[in-house]
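Structure file entry_24.cif (mmCIF, C-alpha atoms) follows.
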data_final
loop_
_atom_site.label_atom_id
_atom_site.label_comp_id
_atom_site.auth_asym_id
_atom_site.auth_seq_id
_atom_site.Cartn_x
_atom_site.Cartn_y
_atom_site.Cartn_z
CA MET A 10 107.51 105.55 122.03
CA ILE A 11 108.94 108.76 123.48
CA ALA A 12 107.27 111.63 121.64
CA GLY A 13 109.21 114.79 120.88
CA GLU A 14 107.83 118.14 122.00
CA ALA A 15 106.10 118.90 118.69
CA LEU A 16 104.68 115.41 118.30
CA GLY A 17 103.56 115.43 121.93
CA ALA A 18 101.70 118.67 121.34
CA TRP A 19 100.05 117.27 118.19
CA LEU A 20 99.04 114.08 119.96
CA GLY A 21 97.38 116.15 122.66
CA ASP A 22 95.59 118.47 120.27
CA ARG A 23 92.48 116.87 118.77
CA ARG A 24 91.86 119.89 116.59
CA ALA A 25 95.35 119.65 115.05
CA GLN A 26 94.78 115.95 114.42
CA GLY A 27 91.45 116.78 112.78
CA ASP A 28 93.19 119.35 110.56
CA THR A 29 95.70 116.70 109.46
CA ALA A 30 92.89 114.23 108.71
CA GLU A 31 91.07 116.90 106.68
CA ARG A 32 94.25 117.67 104.76
CA MET A 33 94.70 113.98 103.95
CA ALA A 34 91.10 113.71 102.72
CA ALA A 35 91.44 116.88 100.62
CA VAL A 36 94.66 115.62 99.02
CA ALA A 37 93.01 112.26 98.30
CA ARG A 38 90.15 114.07 96.53
CA ARG A 39 92.53 116.22 94.48
CA ILE A 40 94.64 113.24 93.50
CA ARG A 41 91.57 111.33 92.33
CA LEU A 42 90.78 114.24 90.00
CA LEU A 43 94.25 114.33 88.41
CA PRO A 44 93.66 113.75 84.67
CA GLY A 45 95.98 110.76 84.35
CA LEU A 46 94.50 108.84 87.28
CA LYS A 47 90.95 109.79 86.30
CA ARG A 48 91.47 108.46 82.76
CA LEU A 49 92.89 105.25 84.18
CA ARG A 50 89.98 104.81 86.58
CA ASP A 51 87.41 105.57 83.86
CA GLY A 52 89.12 103.04 81.59
CA LEU A 53 89.00 100.37 84.28
CA GLU A 54 85.28 100.95 84.75
CA GLY A 55 84.68 100.47 81.02
CA ARG A 56 84.46 97.18 79.21
CA ARG A 57 88.13 97.19 78.27
CA HIS A 58 89.12 95.72 81.62
CA GLU A 59 87.78 92.31 80.68
CA ARG A 60 91.18 91.31 79.29
CA ALA A 61 94.45 91.30 81.20
CA GLY A 62 96.39 92.78 78.29
CA ALA A 63 93.98 95.70 77.97
CA VAL A 64 94.20 96.47 81.69
CA LEU A 65 98.00 96.42 81.68
CA GLU A 66 97.98 98.69 78.60
CA LEU A 67 95.79 101.18 80.47
CA ALA A 68 98.28 101.14 83.33
CA GLU A 69 101.20 101.67 80.98
CA THR A 70 99.42 104.56 79.27
CA PHE A 71 99.03 106.17 82.69
CA VAL A 72 102.70 105.67 83.57
CA GLU A 73 103.84 107.09 80.22
CA THR A 74 101.60 110.16 80.42
CA PRO A 75 104.02 113.04 80.98
CA GLY A 76 103.78 114.27 84.55
CA ALA A 77 101.23 111.65 85.68
CA ILE A 78 103.41 110.18 88.43
CA ALA A 79 105.18 113.47 89.14
CA ASP A 80 101.83 115.23 89.72
CA VAL A 81 100.90 112.69 92.39
CA LEU A 82 104.26 112.98 94.13
CA LYS A 83 104.18 116.79 93.95
CA MET A 84 100.87 116.90 95.83
CA LEU A 85 102.15 114.49 98.47
CA ILE A 86 105.40 116.41 98.96
CA GLU A 87 103.63 119.77 99.21
CA ALA A 88 101.15 118.42 101.73
CA ALA A 89 103.93 116.86 103.80
CA GLY A 90 105.78 120.17 103.71
CA ASP A 91 102.73 121.97 105.10
CA ASP A 92 102.05 119.38 107.79
CA PRO A 93 104.71 116.98 109.12
CA TYR A 94 101.98 114.62 110.34
CA PHE A 95 100.46 114.24 106.89
CA ARG A 96 100.41 110.67 105.58
CA PRO A 97 99.85 109.78 101.92
CA PRO A 98 96.25 108.67 101.37
CA PHE A 99 97.35 105.33 99.89
CA SER A 100 97.92 101.90 101.36
CA VAL A 101 101.58 101.15 101.97
CA VAL A 102 102.88 97.95 100.38
CA THR A 103 106.09 96.62 101.82
CA SER A 104 108.41 93.61 101.83
CA GLU A 105 111.97 92.84 102.90
CA VAL A 106 113.38 94.53 99.82
CA HIS A 107 110.94 97.25 98.88
CA CYS A 108 108.30 99.70 99.98
CA GLY A 109 105.67 101.41 97.90
CA LEU A 110 102.33 103.17 97.66
CA LEU A 111 99.31 101.42 96.21
CA LEU A 112 98.20 104.14 93.78
CA VAL A 113 95.34 102.12 92.31
CA ASP A 114 93.50 99.36 94.15
CA HIS A 115 90.86 98.09 91.72
CA PRO A 116 89.48 94.55 91.34
CA ALA A 117 91.09 94.38 87.91
CA LEU A 118 94.34 96.21 88.67
CA SER A 119 96.81 96.93 91.45
CA LEU A 120 99.25 99.70 90.60
CA THR A 121 102.18 100.29 92.93
CA LEU A 122 104.78 103.04 92.91
CA GLY A 123 107.71 101.52 94.74
CA ILE A 124 111.36 101.64 95.55
CA MET A 125 113.60 98.59 95.96
CA SER A 126 116.56 99.09 98.23
CA ALA A 127 119.92 98.10 96.73
CA ASP A 128 121.25 97.41 100.24
CA SER A 129 118.32 95.15 101.11
CA ILE A 130 118.72 93.25 97.85
CA ALA A 131 122.44 92.75 98.57
CA ALA A 132 121.70 91.59 102.11
CA LYS A 133 119.06 89.16 100.89
CA ARG A 134 121.46 87.78 98.29
CA ALA A 135 124.20 87.30 100.91
CA GLU A 136 121.75 85.40 103.12
CA ARG A 137 120.52 83.20 100.28
CA LYS A 138 120.98 79.65 101.50
CA GLY A 139 118.92 76.50 101.35
CA GLY A 140 115.17 76.74 101.65
CA ALA A 141 114.67 79.73 99.35
CA SER A 142 112.12 79.79 96.58
CA LEU A 143 111.53 81.19 93.14
CA THR A 144 107.89 82.15 92.90
CA PHE A 145 105.75 82.09 89.78
CA THR A 146 102.85 84.31 90.83
CA GLY A 147 100.34 82.92 88.32
CA ARG A 148 99.32 86.49 87.46
CA ARG A 149 100.10 88.87 84.62
CA SER A 150 102.12 91.93 85.57
CA ALA A 151 104.00 94.78 83.94
CA PHE A 152 106.89 96.69 85.46
CA HIS A 153 108.11 100.10 84.37
CA PHE A 154 111.51 100.87 85.89
CA ILE A 155 111.67 104.64 86.25
CA ALA A 156 115.17 104.31 87.71
CA GLY A 157 116.83 101.00 86.88
CA GLY A 158 119.46 101.31 89.60
CA GLY A 159 122.01 99.56 87.42
CA ALA A 160 120.21 96.33 88.32
CA THR A 161 120.54 92.92 86.74
CA LEU A 162 117.60 90.54 86.75
CA SER A 163 117.64 86.84 86.10
CA LEU A 164 114.59 85.49 84.25
CA TRP A 165 113.14 82.05 84.91
CA GLU A 166 110.76 79.77 83.09
CA ALA A 167 108.62 76.85 84.26
CA PRO A 168 105.86 74.70 82.76
CA ARG A 169 102.77 76.86 82.32
CA ILE A 170 100.44 76.91 85.33
CA GLY A 171 97.06 75.86 83.96
CA ALA A 172 93.78 74.44 85.23
CA GLY A 173 95.17 70.89 85.10
CA PHE A 174 98.32 71.66 87.10
CA THR A 175 99.73 68.84 89.22
CA ALA A 176 102.82 68.73 91.41
CA GLU A 177 103.75 65.46 89.76
CA ALA A 178 103.93 67.03 86.29
CA SER A 179 105.33 70.39 87.41
CA GLY A 180 108.82 69.65 86.14
CA ARG A 181 111.63 72.01 87.01
CA CYS A 182 112.09 75.70 86.48
CA ARG A 183 115.06 76.80 84.41
CA PRO A 184 116.99 80.00 83.75
CA ALA A 185 115.73 82.02 80.79
CA GLY A 186 118.39 84.71 80.53
CA ARG A 187 119.58 87.83 82.29
CA LEU A 188 118.47 91.38 81.81
CA ARG A 189 120.23 94.64 82.58
CA ILE A 190 117.65 97.19 83.69
CA GLU A 191 118.17 100.64 82.19
CA ASP A 192 116.15 103.67 83.24
CA GLY A 193 112.75 103.57 81.55
CA ARG A 194 112.90 99.83 80.86
CA LYS A 195 109.57 98.02 80.65
CA LEU A 196 109.12 94.37 81.53
CA ASP A 197 105.99 92.26 81.06
CA ILE A 198 105.86 89.11 83.15
CA ASP A 199 103.32 86.36 82.58
CA GLY A 200 103.50 84.80 86.04
CA ARG A 201 101.86 81.61 84.78
CA ARG A 202 105.16 80.73 83.14
CA PHE A 203 107.82 83.28 83.95
CA ALA A 204 109.43 84.82 87.03
CA PHE A 205 112.34 87.10 87.76
CA VAL A 206 114.87 87.63 90.50
CA VAL A 207 116.73 90.85 91.22
CA GLU A 208 120.30 89.53 91.28
CA GLU A 209 122.06 92.79 92.09
CA ALA A 210 121.58 96.52 92.01
CA GLU A 211 124.10 99.35 92.17
CA ARG A 212 121.53 101.86 93.38
CA ASP A 213 117.95 101.85 94.57
CA ILE A 214 115.39 100.89 91.94
CA VAL A 215 112.29 103.03 91.42
CA PHE A 216 109.48 101.29 89.63
CA VAL A 217 105.79 101.23 88.87
CA GLY A 218 104.35 97.73 89.09
CA ALA A 219 100.98 96.83 87.57
CA GLU A 220 99.37 93.50 88.34
CA THR A 221 96.03 92.09 87.28
CA PRO A 222 94.13 89.03 88.53
CA LEU A 223 92.42 88.73 85.13
CA GLU A 224 93.29 85.58 83.20
CA ALA A 225 95.40 84.39 86.14
CA GLY A 226 96.39 80.78 86.49
CA PRO A 227 94.74 78.90 89.37
CA LEU A 228 97.92 78.79 91.43
CA SER A 229 100.98 80.63 92.51
CA VAL A 230 103.83 78.10 92.45
CA GLU A 231 107.14 77.97 94.34
CA TYR A 232 110.19 76.17 93.00
CA ASP A 233 113.19 75.51 95.22
CA TRP A 234 116.10 77.82 94.44
CA GLY A 235 118.64 75.01 94.83
CA THR A 236 116.99 72.03 93.20
CA ARG A 237 114.69 73.94 90.77
CA GLN A 238 111.95 71.51 91.76
CA PHE A 239 108.38 72.15 92.86
CA VAL A 240 108.04 73.09 96.52
CA ALA A 241 104.51 74.34 97.07
CA ALA A 242 101.46 75.95 95.52
CA SER A 243 98.90 78.43 96.80
CA SER A 244 95.65 79.75 95.41
CA THR A 245 95.65 82.92 93.30
CA ASP A 246 91.98 83.41 94.12
CA GLU A 247 91.40 85.19 97.41
CA ALA A 248 87.61 84.81 97.22
CA SER A 249 87.95 81.07 96.76
CA SER A 250 90.24 80.80 99.80
CA ARG A 251 87.82 82.77 101.95
CA THR A 252 84.90 80.66 100.72
CA GLN A 253 86.73 77.46 101.67
CA MET A 254 87.16 78.76 105.21
CA MET A 255 83.46 79.66 105.36
CA LEU A 256 82.46 76.18 104.16
CA ALA A 257 84.61 74.66 106.92
CA LEU A 258 82.84 76.85 109.45
CA LEU A 259 79.40 75.87 108.11
CA ARG A 260 80.38 72.19 108.35
CA VAL A 261 81.59 72.57 111.95
CA MET A 262 78.31 74.34 112.77
CA GLY A 263 76.34 71.50 111.17
CA ARG A 264 74.49 73.90 108.87
CA ARG A 265 72.66 71.54 106.52
CA ASP A 266 70.55 74.48 105.37
CA ALA A 267 73.68 75.63 103.53
CA LEU A 268 73.83 72.51 101.33
CA PRO A 269 72.86 74.48 98.17
CA LEU A 270 75.99 76.57 98.69
CA PHE A 271 78.14 73.44 98.87
CA ARG A 272 76.57 72.14 95.64
CA GLU A 273 77.26 75.47 93.97
CA MET A 274 80.89 75.49 95.05
CA LEU A 275 81.42 72.03 93.54
CA GLY A 276 81.29 73.89 90.22
CA SER A 277 84.33 76.05 91.04
CA GLU A 278 86.78 76.53 88.19
CA HIS A 279 89.61 75.64 90.60
CA PHE A 280 90.30 71.92 91.07
CA TYR A 281 91.51 72.32 94.66
CA ALA A 282 88.35 74.26 95.60
CA ARG A 283 86.13 71.54 94.12
CA TRP A 284 87.82 68.78 96.11
CA GLN A 285 87.99 70.73 99.36
CA THR A 286 84.29 71.54 98.97
CA MET A 287 83.57 67.83 98.50
CA ARG A 288 85.49 66.95 101.66
CA GLU A 289 83.47 69.49 103.65
CA PHE A 290 80.26 68.35 101.97
CA LEU A 291 80.89 64.68 102.83
CA ALA A 292 81.66 65.54 106.44
CA LEU A 293 78.51 67.64 106.71
CA ASP A 294 76.05 65.29 104.98
CA ALA A 295 77.50 62.19 103.32
CA GLY A 296 74.14 61.08 101.92
CA ALA A 297 73.56 64.36 100.12
CA ALA A 298 77.15 64.47 98.87
CA LEU A 299 77.33 60.90 97.56
CA PRO A 300 75.71 61.44 94.12
CA HIS A 301 78.05 64.37 93.52
CA LEU A 302 81.03 62.27 94.65
CA ARG A 303 80.16 59.59 92.09
CA GLU A 304 79.86 62.24 89.40
CA MET A 305 83.18 63.75 90.43
CA ALA A 306 84.95 60.38 90.34
CA ALA A 307 83.69 59.79 86.81
CA ALA A 308 83.89 63.16 85.16
CA ASP A 309 85.88 65.83 87.00
CA PRO A 310 88.31 67.46 84.53
CA HIS A 311 91.24 67.18 86.97
CA CYS A 312 92.85 63.75 87.34
CA GLU A 313 93.78 64.15 91.01
CA VAL A 314 90.20 65.10 91.88
CA ARG A 315 88.86 62.05 90.04
CA ARG A 316 91.43 59.88 91.82
CA ALA A 317 90.64 61.25 95.30
CA ALA A 318 86.91 60.86 94.68
CA ALA A 319 87.39 57.27 93.49
CA GLN A 320 89.51 56.44 96.55
CA THR A 321 86.79 57.86 98.78
CA LEU A 322 84.10 55.78 97.11
CA THR A 323 86.19 52.66 97.61
CA ARG A 324 87.28 53.31 101.16
CA LEU A 325 84.12 54.73 102.68
CA PHE A 326 81.30 53.54 100.45
CA ALA A 327 82.72 50.14 99.37
CA GLU A 328 82.23 51.00 95.70
CA GLU A 329 84.53 49.77 92.95
CA PRO A 330 87.14 52.35 91.90
CA VAL A 331 86.41 54.29 88.75
CA PRO A 332 89.18 54.19 86.12
CA CYS A 333 91.15 57.41 86.27
CA PRO A 334 93.04 58.05 83.05
CA SER A 335 95.78 60.62 83.40
CA MET B 27 74.30 57.28 106.82
CA LYS B 28 77.31 57.24 109.13
CA LYS B 29 78.96 60.57 109.93
CA ILE B 30 82.31 60.98 108.17
CA ASP B 31 85.34 62.45 109.93
CA ILE B 32 86.88 64.90 107.49
CA SER B 33 90.39 63.90 108.55
CA THR B 34 89.81 60.43 107.08
CA LEU B 35 89.12 61.82 103.61
CA PRO B 36 92.01 61.84 101.14
CA GLU B 37 93.85 65.01 100.21
CA LEU B 38 94.95 65.85 96.69
CA ALA B 39 98.51 64.87 95.83
CA THR B 40 99.03 68.52 94.87
CA SER B 41 98.57 70.36 98.14
CA VAL B 42 97.35 73.94 97.67
CA GLY B 43 97.72 76.63 100.33
CA ILE B 44 95.35 79.53 100.82
CA HIS B 45 95.80 82.73 98.84
CA GLY B 46 99.00 84.58 99.73
CA SER B 47 100.60 81.73 101.66
CA ILE B 48 104.19 80.68 100.98
CA LYS B 49 106.23 77.72 102.18
CA GLN B 50 109.73 79.08 101.78
CA LYS B 51 111.15 82.58 101.68
CA GLU B 52 111.43 84.06 98.20
CA VAL B 53 114.90 84.82 96.87
CA GLY B 54 113.89 88.33 95.82
CA GLY B 55 111.74 88.59 92.74
CA GLY B 56 108.30 89.38 91.45
CA ALA B 57 106.42 87.96 94.42
CA CYS B 58 108.41 90.18 96.77
CA VAL B 59 107.07 93.31 95.10
CA ALA B 60 103.58 92.04 94.35
CA VAL B 61 100.76 93.46 96.42
CA VAL B 62 99.88 90.09 97.91
CA VAL B 63 102.54 90.78 100.52
CA VAL B 64 101.53 92.39 103.80
CA ILE B 65 99.74 95.70 103.35
CA PHE B 66 99.79 98.25 106.13
CA ASN B 67 97.21 101.00 106.12
#

Kindly transcribe the structure held in the file into structure tokens.
Amino acid sequence: MIAGEALGAWLGDRRAQGDTAERMAAVARRIRLLPGLKRLRDGLEGRRHERAGAVLELAETFVETPGAIADVLKMLIEAAGDDPYFRPPFSVVTSEVHCGLLLVDHPALSLTLGIMSADSIAAKRAERKGGASLTFTGRRSAFHFIAGGGATLSLWEAPRIGAGFTAEASGRCRPAGRLRIEDGRKLDIDGRRFAFVVEEAERDIVFVGAETPLEAGPLSVEYDWGTRQFVAASSTDEASSRTQMMLALLRVMGRRDALPLFREMLGSEHFYARWQTMREFLALDAGAALPHLREMAAADPHCEVRRAAAQTLTRLFAEEPVPCPS
Amino acid sequence: MKKIDISTLPELATSVGIHGSIKQKEVGGGACVAVVVVIFN
């Protein structure tokens, strides 16, 4: 990077950098005390955030509070006007077609103020060829389009993503209508069954997106844009994914003292986590895992887990397969 | 009991990637604007 004169001076002035950092911290404190955001945060800390619908309602109440979003932007704009090196005290969320600020980052709610670029959407549409996916996120979300940008969305439906999901029974996704987005339009998406695609936009779209992990399905599922058939699935549970990696590490390290953790993880609510835990468990200590494998083959609620466990008993322990009703 | 090589154990027919992973590019919908995409601080 070639720094301009002013930027070069700022980069060489630790005191000026400290002033900018202080300004960012002060703005962050003031924003946290804005009534709308404070009410939202207090609501999330209360018991109401146990249900996805209640959390998304809290977010919508915040968005609809007159001046709530404008007050945040006003502070950011004023601070940037006073100091060109000021950066908003929020994480930046970005993709090929949008960028945004993560206004609220809470275990029960992510709230993003974002802008989708009409040009980027058009470019992405022009490039749409084979190998593209429609994604059903598995999570509940609510969008409030502050500026609709003259956009048209296509809505899509697929078999509901539940605890017993299998690729074999995933069916196909199908179109579920089109929607013209006017300014102020609200759109609730249950990502366990529905998805949307921005087909076109005349102008940039400004939106607030709220998403909650509460009551999420176990998986995010991709369907192929061309064939409408299942392509892939990934976990909606970040903690579960991290735990699986830790179990693999414990197995590689030969840590038999961690066996209680493996037993605990066999009780995961996610079928894929239960089976992956069993694989790690068997590789770490087959003798300790065997009783649990038998139990899994007989009684796991997911058919594929029962089937995999039964195959393992037959192949590696020479035991008769357990019937696996679908 | 004999040590088991994890690669010999069966996988589920429904393969599941880790949180946030995708196989194909999205066409431009809800996942594009969800916060599971890359976050820069």

**Item:** Residues of chain A within 8 Å of chain B, all atoms listed in the file counted, as a ChimeraX atom specification
**Value:** /A:99-107,119,121,130,133-134,137,140-146,175-177,204-208,218,220,228,231,234,240-247,250,281,284,288-289,291-296,313-314,317,320-321

**Asked** Which one of A:Arg264, A:Arg187, A:Arg201, A:Arg315 sits closest to Met287 of chain A if you count only C-alpha atoms?
**Response**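 Ranking A:Arg264, A:Arg187, A:Arg201, A:Arg315 by distance to Met287 of chain A, first place goes to A:Arg315.
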
**Request:** Provide the atom CA of Gly200 of chain A to atom CA of Gly226 of chain A distance in Å, to one decimal place.
**Result:**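 Taking atom CA of Gly200 of chain A and atom CA of Gly226 of chain A, their separation equals 8.2 Å.
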
**Hits of the PyMOL selection byres ((chain A and resi 71-78) around 9) in this structure, as a VMD selection string** = chain A and resid 43 to 46 48 to 49 66 to 70 79 to 83 122 153 217

Write a file of the just-selected residues containing C-alpha atoms, as a compact mmCIF listing (two decimals), in the frame of the given file.
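File again_1.txt, as written:
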# COMPACT_ATOMS: atom_id res chain seq x y z
CA LEU A 43 94.25 114.33 88.41
CA PRO A 44 93.66 113.75 84.67
CA GLY A 45 95.98 110.76 84.35
CA LEU A 46 94.50 108.84 87.28
CA ARG A 48 91.47 108.46 82.76
CA LEU A 49 92.89 105.25 84.18
CA GLU A 66 97.98 98.69 78.60
CA LEU A 67 95.79 101.18 80.47
CA ALA A 68 98.28 101.14 83.33
CA GLU A 69 101.20 101.67 80.98
CA THR A 70 99.42 104.56 79.27
CA ALA A 79 105.18 113.47 89.14
CA ASP A 80 101.83 115.23 89.72
CA VAL A 81 100.90 112.69 92.39
CA LEU A 82 104.26 112.98 94.13
CA LYS A 83 104.18 116.79 93.95
CA LEU A 122 104.78 103.04 92.91
CA HIS A 153 108.11 100.10 84.37
CA VAL A 217 105.79 101.23 88.87

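The space separating atom CA of Arg189 of chain A from atom CA of Phe203 of chain A comes to 16.9 Å.
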
**Request:** Quick one: everything within 6 Å of Asp213 of chain A, counting all atoms listed in the file, minus sequence neighbours fewer than 4 positions away in the same chain. Send it as a count of residues only.
**Result:** 4

**Message:** To test your reading of the syntax: which residues would the PyMOL selection byres ((chain A and resi 215) around 7) return for the file shown? Reply as an MDAnalysis selection string.
**Reply:** chainID A and resid 123:125 154:157 213:214 216

**Prompt:** On this structure, which residues satisfy the PyMOL selection byres ((chain A and resi 322) around 12), written as number ranges by chain?
**Reply:** A: 291, 295, 298-307, 315-321, 323-331; B: 35-36

**Complete:** Pairwise distance, atom CA of Asp92 of chain A with atom CA of Ala37 of chain A, equals 14.9 Å
